[in-house]
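Only one structure is covered here, and it is reproduced in the block below.
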There are 2 protein chains.
Amino acid sequence: MTEPTLGNNIVTQVGIIVRDIETKARAWSEILGLPMPNIIITDTVDKTKAEYNGKPTKARAKLAFFHMGQLDVELIEPIDGPSTWKDQLDQHGDSLHHIAFEIKDMQEKVAYLDGVAQLGTVLELLENDGNDD
Amino acid sequence: MTEPTLGNNIVTQVGIIVRDIETKARAWSEILGLPMPNIIITDTVDKTKAEYNGKPTKARAKLAFFHMGQLDVELIEPIDGPSTWKDQLDQHGDSLHHIAFEIKDMQEKVAYLDGVAQLGTVLELLENDGNDD
């Protein structure tokens with residue numbers, strides 16, 4: 001066994017790509033018996049420095065979170081420019097996108113790790129700072 | 001808000017469809033720093049009563065579980081006959097398949113709920129009996 005790459009094995013989030021976040025969030029709130037969450041929009045590219053294929057992209061996303069114990073369900077509706085979220089929506093429709101682990105002392109606040117070829121899924125690495133994003 | 005359908009909001013499992021469970025399980029064991037799990041094979045159709053499109057199917061699956069706090073990662077390699085697992089592998093390749101909730105007093109031990117259209121994912125409902133399957 002090689003040295004583990006992750007600092008812990010606690011899954012804190014499951015992300016789902018959806019075409020219509022308002023409808024999907026309402027369905028989740030009903031099946032879970034939780035209030036309809038606020039739908040937030042990610043910052044613009046001047047703040048996020050988002051890139052797609054190595055170039056800046058105007059891509060943003062609408063997000064909604066359901067908090068359930070150690071784990072959140074995150075709904076993601078890609079909007080505006082091209083993104084890996086949009087690619088998945090175009091290729092696979094509404095679908096599970098990632099599972100997230102909390103990592104301490106990350107240089108970036110959030111990072112995706114494309115683990116599909118090796119692990120069968122994208123991983124999201126979240127800085128352990130108590131925030132949702 | 002309507003009456004909630006689920007009895008609780010604790011996600012106990014994330015399922016991933018893979019083409020080669022031995023390779024993927026080894027990669028997961030390395031990134032998580034956990035021992036290589038046993039790979040089990042689901043029972044034959046005479047025990048499982050598995051159906052596909054309303055007819056009995058010989059479909060089985062190889063399964064591997066990684067236990068991490070409240071949640072397991074379940075790897076699923078479909079084998080033998082046709083199944084919804086096999087459909088997903090053929091259509092989407094290695095990919096996240098379901099998230100599971102524990103449900104008390106289910107008539108069946110395990111049930112999938114095709115929530116893709118409504119929720120963006122398949123849900124698996126597991127009887128709360130302390131077993132993995």
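Numbering starts fresh at 1 for the residues of each chain in the structure tokens, the chains themselves are lettered A, B, ... in the order given, and ligands are numbered from 1 as they appear.
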- Just need the residues of chain B within 10 Å of chain A, counting only C-alpha atoms, so spit them out as a count of residues only. 59
Enumerate, as a CSV table (one decimal) with C-alpha atoms, in the first residue's frame, the complete set of residues in chain A that a backbone-based DSSP assignment places in strand (DSSP E or B).
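Contents of states31.csv, freshly written:
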```csv
chain,number,residue,atom,x,y,z
A,11,VAL,CA,-16.9,12.2,2.9
A,12,THR,CA,-18.5,15.6,3.5
A,13,GLN,CA,-20.4,16.2,0.3
A,14,VAL,CA,-22.0,14.6,-2.6
A,15,GLY,CA,-22.4,16.8,-5.7
A,16,ILE,CA,-25.2,16.5,-8.3
A,17,ILE,CA,-25.2,18.3,-11.6
A,40,ILE,CA,-26.6,31.0,-4.4
A,41,ILE,CA,-24.6,31.9,-7.5
A,51,GLU,CA,-10.4,28.3,-16.1
A,52,TYR,CA,-11.5,25.8,-18.7
A,55,LYS,CA,-8.2,29.6,-20.4
A,56,PRO,CA,-10.3,31.9,-18.3
A,60,ARG,CA,-20.6,30.2,-13.1
A,61,ALA,CA,-23.0,27.9,-11.3
A,62,LYS,CA,-26.1,28.1,-9.2
A,63,LEU,CA,-25.7,26.0,-6.0
A,64,ALA,CA,-28.0,24.7,-3.3
A,65,PHE,CA,-27.0,22.8,-0.2
A,66,PHE,CA,-28.9,20.3,2.0
A,67,HIS,CA,-27.1,19.7,5.3
A,68,MET,CA,-27.5,16.2,6.7
A,71,LEU,CA,-22.6,15.2,4.7
A,72,ASP,CA,-24.2,17.8,2.4
A,73,VAL,CA,-26.0,17.1,-0.8
A,74,GLU,CA,-24.9,19.9,-3.2
A,75,LEU,CA,-26.9,20.7,-6.3
A,76,ILE,CA,-25.0,22.4,-9.1
A,77,GLU,CA,-26.6,24.0,-12.2
A,78,PRO,CA,-23.9,25.2,-14.6
A,79,ILE,CA,-24.6,28.6,-16.2
A,95,SER,CA,-26.2,13.0,-12.7
A,96,LEU,CA,-24.0,12.5,-9.7
A,97,HIS,CA,-20.8,14.5,-10.1
A,98,HIS,CA,-18.4,14.2,-7.2
A,99,ILE,CA,-17.8,13.2,-3.6
A,100,ALA,CA,-15.9,15.5,-1.4
A,101,PHE,CA,-13.3,15.1,1.3
A,102,GLU,CA,-12.1,17.7,3.8
A,103,ILE,CA,-8.4,18.4,3.6
A,110,VAL,CA,-11.4,24.1,-3.3
A,111,ALA,CA,-10.0,21.7,-5.9
A,112,TYR,CA,-11.4,19.1,-8.1
A,113,LEU,CA,-9.4,16.0,-8.7
A,122,VAL,CA,-14.4,13.1,-9.5
A,123,LEU,CA,-13.2,14.0,-6.0
A,124,GLU,CA,-13.6,17.4,-4.6
A,125,LEU,CA,-11.0,18.4,-2.0
A,126,LEU,CA,-12.4,21.0,0.4
A,127,GLU,CA,-10.3,23.1,2.8
```
- Would you work out the distance separating CA of Asn38 (chain A) from CA of Lys86 (chain A), expressed in Å to one decimal? 21.5 Å
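Between CA of Glu22 (chain A) and CA of Asp90 (chain A) the separation is 18.7 Å.
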